[in-house]
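These notes concern the structure reproduced below.
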Amino acid sequence: MKSKTITTVAAIAAAASISASLPAAADTLPQDQKVKNVVLVHGAFADGSGWKGVYDNLTKRGYRVTIVQNPLTSLADDVAATKRALERQNGPVILVGHSWGGTVITEAGSDEKVSGLVYVSALSPDAGETTAQQYEGFAPASEFVLETTKDGFGYVSPAKFKAGFAHDVSDDEAAFMSASQVPINMSAFATKLEHAAWRTKPSWAVIATEDKAFDQAMLIHMAERINAKITKVSASHALFMTQPVVIADTIDQAAKAVSAKTK
């Protein structure tokens, strides 16, 4: 038993030393491109595995990609998870958020390592605003139905999941996504932001034109308010999974644009 304990402790120590710094990006990007790091932040009702297609595309181009796993227990907790990922980067970063992840990157993006922001059908409150306020004055998302547990966590209704969240995936995939949802603490939507990174960082936005989680007018209003460079794509709210090339292209454009300004 003693030998096993020593081996386990040694293994943990070795793992800690290995994970202290992430490996450098592959040397396939232009040598003078300063921004080679990308951090991806998922939204509510999902987890980081949905970014697999975007991850594969970007890493093949030579980017070093880190995926945040939000606990979705509070805005503060999700921001802390994102900042832990940012701390491990070896240089400037493009920070990307989908849906609720947009709120998270808006707050966390004030970090000095963040050079640009990409909003993927994402929320973008201002400092002093809540996420819930972004919905005011816009049509309700009638096909995006939430169910709330007794302790205040929200799920997308299984009966409405495909129609409201991911109508452009197969029935089997939608069923799995629904069954593997990560619920969000609904109180997070009432938390006021302290910072709005888009006020000082350049922004890009990819908007799904068939998104049923948000009114289209709301998505466009938010993107225009933050002066984002907008790309539209025919997709559901699950565009972070179904449109990896469009999203990766936008991230690449953002990284190259920010790098060019710092030469």
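For the structure tokens, the naming scheme is as follows: chains receive sequential letters (A, B, ...) according to their order of presentation, residues are indexed from 1 within each chain, and ligands are indexed from 1 in presentation order.
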
Could you list, as a ChimeraX atom specification, every residue within 7 Å of region 205-211 of chain A, counting only C-alpha atoms and ignoring same-chain residues fewer than 5 positions away?
/A:118-121,216,219,223,228-237,239,247

For those residues, write C-alpha atoms to a file as a compact mmCIF listing (two decimals), in the first residue's frame.
# COMPACT_ATOMS: atom_id res chain seq x y z
CA VAL A 118 -14.77 36.35 -31.50
CA TYR A 119 -18.47 36.04 -30.66
CA VAL A 120 -20.20 32.93 -32.07
CA SER A 121 -23.95 33.65 -31.92
CA GLN A 216 -32.03 37.59 -35.18
CA LEU A 219 -27.91 39.02 -32.45
CA ALA A 223 -22.79 42.55 -32.84
CA ALA A 228 -17.81 43.59 -34.57
CA LYS A 229 -16.90 42.49 -38.07
CA ILE A 230 -19.92 40.30 -38.87
CA THR A 231 -20.07 37.00 -40.75
CA LYS A 232 -23.45 35.33 -41.27
CA VAL A 233 -23.89 31.61 -41.89
CA SER A 234 -26.95 29.42 -42.43
CA ALA A 235 -26.95 27.32 -39.27
CA SER A 236 -28.70 26.57 -35.98
CA HIS A 237 -27.61 27.72 -32.54
CA LEU A 239 -23.05 26.44 -35.27
CA ILE A 247 -15.72 29.80 -37.39

As a list in words, please: the residues near Ala190 (chain A) (cut-off 7 Å, only C-alpha atoms, same-chain neighbours under 3 positions excluded).
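Counting only the stated atoms, we get Thr130, Thr131, Ala132 and Ser187 of chain A.
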
Distance query Ala122 (chain A) at most 6 Å, only C-alpha atoms, self and fewer than 4 positions along chain excluded, as a count of residues only
3

Length of the CA of Ile226 (chain A) to CA of Asp78 (chain A) vector [Å]
21.6 Å

Set out as a Markdown table a contact list for region 32-87 of chain A and region 194-204 of chain A with a cut-off of 12 Å, giving each residue of region 32-87 of chain A that qualifies its closest atom pair and distance in Å to one decimal, counting only C-alpha atoms, ordered by chain and rising residue number.
| residue | atom | partner | partner_atom | distance |
| --- | --- | --- | --- | --- |
| A:Leu75 | CA | A:Glu194 | CA | 10.9 |
| A:Ala76 | CA | A:Glu194 | CA | 10.6 |
| A:Val79 | CA | A:His195 | CA | 11.3 |

Can you write just those residues out, all heavy atoms, as a PDB file, in the first residue's frame?
ATOM      1  N   LEU A  75     -21.310  33.150 -13.148  1.00  0.00           N
ATOM      2  CA  LEU A  75     -20.448  33.913 -14.050  1.00  0.00           C
ATOM      3  C   LEU A  75     -19.032  33.952 -13.497  1.00  0.00           C
ATOM      4  O   LEU A  75     -18.056  33.753 -14.231  1.00  0.00           O
ATOM      5  CB  LEU A  75     -20.987  35.332 -14.239  1.00  0.00           C
ATOM      6  CG  LEU A  75     -20.100  36.276 -15.066  1.00  0.00           C
ATOM      7  CD1 LEU A  75     -19.836  35.711 -16.456  1.00  0.00           C
ATOM      8  CD2 LEU A  75     -20.721  37.662 -15.150  1.00  0.00           C
ATOM      9  N   ALA A  76     -18.897  34.171 -12.202  1.00  0.00           N
ATOM     10  CA  ALA A  76     -17.569  34.245 -11.589  1.00  0.00           C
ATOM     11  C   ALA A  76     -16.797  32.947 -11.778  1.00  0.00           C
ATOM     12  O   ALA A  76     -15.591  32.963 -12.071  1.00  0.00           O
ATOM     13  CB  ALA A  76     -17.690  34.578 -10.105  1.00  0.00           C
ATOM     14  N   VAL A  79     -15.737  32.653 -15.492  1.00  0.00           N
ATOM     15  CA  VAL A  79     -14.657  33.598 -15.766  1.00  0.00           C
ATOM     16  C   VAL A  79     -13.348  33.081 -15.167  1.00  0.00           C
ATOM     17  O   VAL A  79     -12.287  33.155 -15.804  1.00  0.00           O
ATOM     18  CB  VAL A  79     -15.002  34.996 -15.222  1.00  0.00           C
ATOM     19  CG1 VAL A  79     -13.785  35.924 -15.258  1.00  0.00           C
ATOM     20  CG2 VAL A  79     -16.143  35.612 -16.034  1.00  0.00           C
TER      21      VAL A  79
END

Using only C-alpha atoms, what table do you get, as JSON lines, when you list each residue of region 71-161 of chain A with an atom no more than 10 Å from region 251-259 of chain A, its nearest pair of atoms, and their distance in Å rounded to one decimal, rows by chain then rising number?
{"residue": "A:Pro92", "atom": "CA", "partner": "A:Ser259", "partner_atom": "CA", "distance": 9.2}
{"residue": "A:Val93", "atom": "CA", "partner": "A:Ala255", "partner_atom": "CA", "distance": 8.0}
{"residue": "A:Ile94", "atom": "CA", "partner": "A:Ala255", "partner_atom": "CA", "distance": 6.4}
{"residue": "A:Leu95", "atom": "CA", "partner": "A:Ile251", "partner_atom": "CA", "distance": 8.9}
{"residue": "A:Val96", "atom": "CA", "partner": "A:Ile251", "partner_atom": "CA", "distance": 7.9}
{"residue": "A:Ser115", "atom": "CA", "partner": "A:Val258", "partner_atom": "CA", "distance": 6.7}
{"residue": "A:Gly116", "atom": "CA", "partner": "A:Ala254", "partner_atom": "CA", "distance": 6.7}
{"residue": "A:Leu117", "atom": "CA", "partner": "A:Ala254", "partner_atom": "CA", "distance": 7.9}
{"residue": "A:Val118", "atom": "CA", "partner": "A:Ile251", "partner_atom": "CA", "distance": 6.8}
{"residue": "A:Tyr119", "atom": "CA", "partner": "A:Ile251", "partner_atom": "CA", "distance": 9.8}

Using only C-alpha atoms: which of A:Val182, A:Val38, A:Ala85, A:Val104 has the shortest distance to Phe153 (chain A)
A:Val182

Rounded to one decimal in Å, what is the spacing between CA of Glu129 (chain A) and CA of Phe189 (chain A)?
10.0 Å

Residue set, region 90-225 of chain A restricted to strand (DSSP E or B), as a CSV table (one decimal) with N, CA and C atoms, in the first residue's frame:
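After the write, out20.csv holds the following:
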chain,number,residue,atom,x,y,z
A,93,VAL,N,-3.6,36.1,-27.4
A,93,VAL,CA,-4.7,35.2,-27.6
A,93,VAL,C,-5.9,35.8,-28.3
A,94,ILE,N,-6.5,35.0,-29.2
A,94,ILE,CA,-7.8,35.3,-29.6
A,94,ILE,C,-8.8,34.5,-28.7
A,95,LEU,N,-9.7,35.2,-28.1
A,95,LEU,CA,-10.6,34.6,-27.1
A,95,LEU,C,-12.0,34.5,-27.8
A,96,VAL,N,-12.5,33.3,-27.8
A,96,VAL,CA,-13.8,33.0,-28.5
A,96,VAL,C,-14.8,32.4,-27.6
A,97,GLY,N,-16.1,32.9,-27.8
A,97,GLY,CA,-17.2,32.5,-27.0
A,97,GLY,C,-18.4,32.2,-27.8
A,98,HIS,N,-19.1,31.1,-27.4
A,98,HIS,CA,-20.4,30.8,-28.0
A,98,HIS,C,-21.5,31.0,-27.1
A,114,VAL,N,-5.3,38.9,-24.0
A,114,VAL,CA,-6.3,38.8,-25.0
A,114,VAL,C,-6.2,40.0,-26.0
A,115,SER,N,-6.0,39.6,-27.3
A,115,SER,CA,-5.8,40.6,-28.3
A,115,SER,C,-7.0,40.9,-29.1
A,116,GLY,N,-7.9,39.9,-29.2
A,116,GLY,CA,-9.1,40.0,-29.9
A,116,GLY,C,-10.2,39.1,-29.5
A,117,LEU,N,-11.4,39.4,-29.8
A,117,LEU,CA,-12.6,38.6,-29.3
A,117,LEU,C,-13.4,38.1,-30.5
A,118,VAL,N,-13.9,36.9,-30.5
A,118,VAL,CA,-14.8,36.3,-31.5
A,118,VAL,C,-16.0,35.8,-30.8
A,119,TYR,N,-17.2,36.4,-31.2
A,119,TYR,CA,-18.5,36.0,-30.7
A,119,TYR,C,-19.2,35.1,-31.6
A,120,VAL,N,-19.5,33.9,-31.2
A,120,VAL,CA,-20.2,32.9,-32.1
A,120,VAL,C,-21.7,32.8,-31.6
A,146,LEU,N,-36.8,26.3,-21.9
A,146,LEU,CA,-36.0,25.9,-20.8
A,146,LEU,C,-36.9,25.3,-19.7
A,147,GLU,N,-36.3,24.3,-19.0
A,147,GLU,CA,-36.9,23.7,-17.8
A,147,GLU,C,-35.9,24.0,-16.7
A,148,THR,N,-36.5,24.4,-15.5
A,148,THR,CA,-35.6,24.8,-14.4
A,148,THR,C,-35.8,23.8,-13.2
A,153,PHE,N,-31.2,25.4,-11.7
A,153,PHE,CA,-30.4,25.1,-12.9
A,153,PHE,C,-31.3,24.9,-14.1
A,154,GLY,N,-30.9,25.4,-15.2
A,154,GLY,CA,-31.8,25.3,-16.4
A,154,GLY,C,-31.2,24.3,-17.4
A,155,TYR,N,-32.2,23.6,-18.0
A,155,TYR,CA,-31.9,22.7,-19.2
A,155,TYR,C,-32.8,23.1,-20.3
A,156,VAL,N,-32.4,22.8,-21.6
A,156,VAL,CA,-33.2,22.9,-22.7
A,156,VAL,C,-34.2,21.8,-22.7
A,184,ILE,N,-27.1,25.1,-16.6
A,184,ILE,CA,-26.5,26.4,-16.1
A,184,ILE,C,-27.3,26.9,-14.9
A,185,ASN,N,-26.6,27.5,-13.9
A,185,ASN,CA,-27.3,28.1,-12.8
A,185,ASN,C,-28.0,29.4,-13.4
A,203,SER,N,-13.3,43.2,-32.2
A,203,SER,CA,-14.2,42.0,-32.1
A,203,SER,C,-14.7,41.6,-33.5
A,204,TRP,N,-15.0,40.3,-33.5
A,204,TRP,CA,-15.6,39.7,-34.7
A,204,TRP,C,-16.8,38.9,-34.2
A,205,ALA,N,-17.8,38.7,-35.1
A,205,ALA,CA,-19.0,38.0,-34.7
A,205,ALA,C,-19.4,37.1,-35.9
A,206,VAL,N,-19.8,35.8,-35.6
A,206,VAL,CA,-20.4,34.9,-36.5
A,206,VAL,C,-21.8,34.7,-36.0
A,207,ILE,N,-22.7,35.0,-36.9
A,207,ILE,CA,-24.2,34.9,-36.5
A,207,ILE,C,-24.8,33.8,-37.4
A,208,ALA,N,-25.5,32.9,-36.7
A,208,ALA,CA,-26.3,31.8,-37.3
A,208,ALA,C,-27.6,32.4,-37.7

Which residue, A:Asp32, A:Thr106, A:Leu58, A:Ile67, has the smallest gap to Arg88 (chain A) when you use only C-alpha atoms?
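Among the listed residues, A:Ile67 lies closest to Arg88 (chain A).
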
Rank nothing, just name the residue among A:Gly48, A:Pro30, A:Pro158, A:Gly128 nearest to Gly101 (chain A), using only C-alpha atoms.
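Of A:Gly48, A:Pro30, A:Pro158, A:Gly128, the one nearest Gly101 (chain A) is A:Gly48, counting only C-alpha atoms.
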
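From CA of Glu143 (chain A) back to CA of Lys212 (chain A), the distance works out to 6.3 Å.
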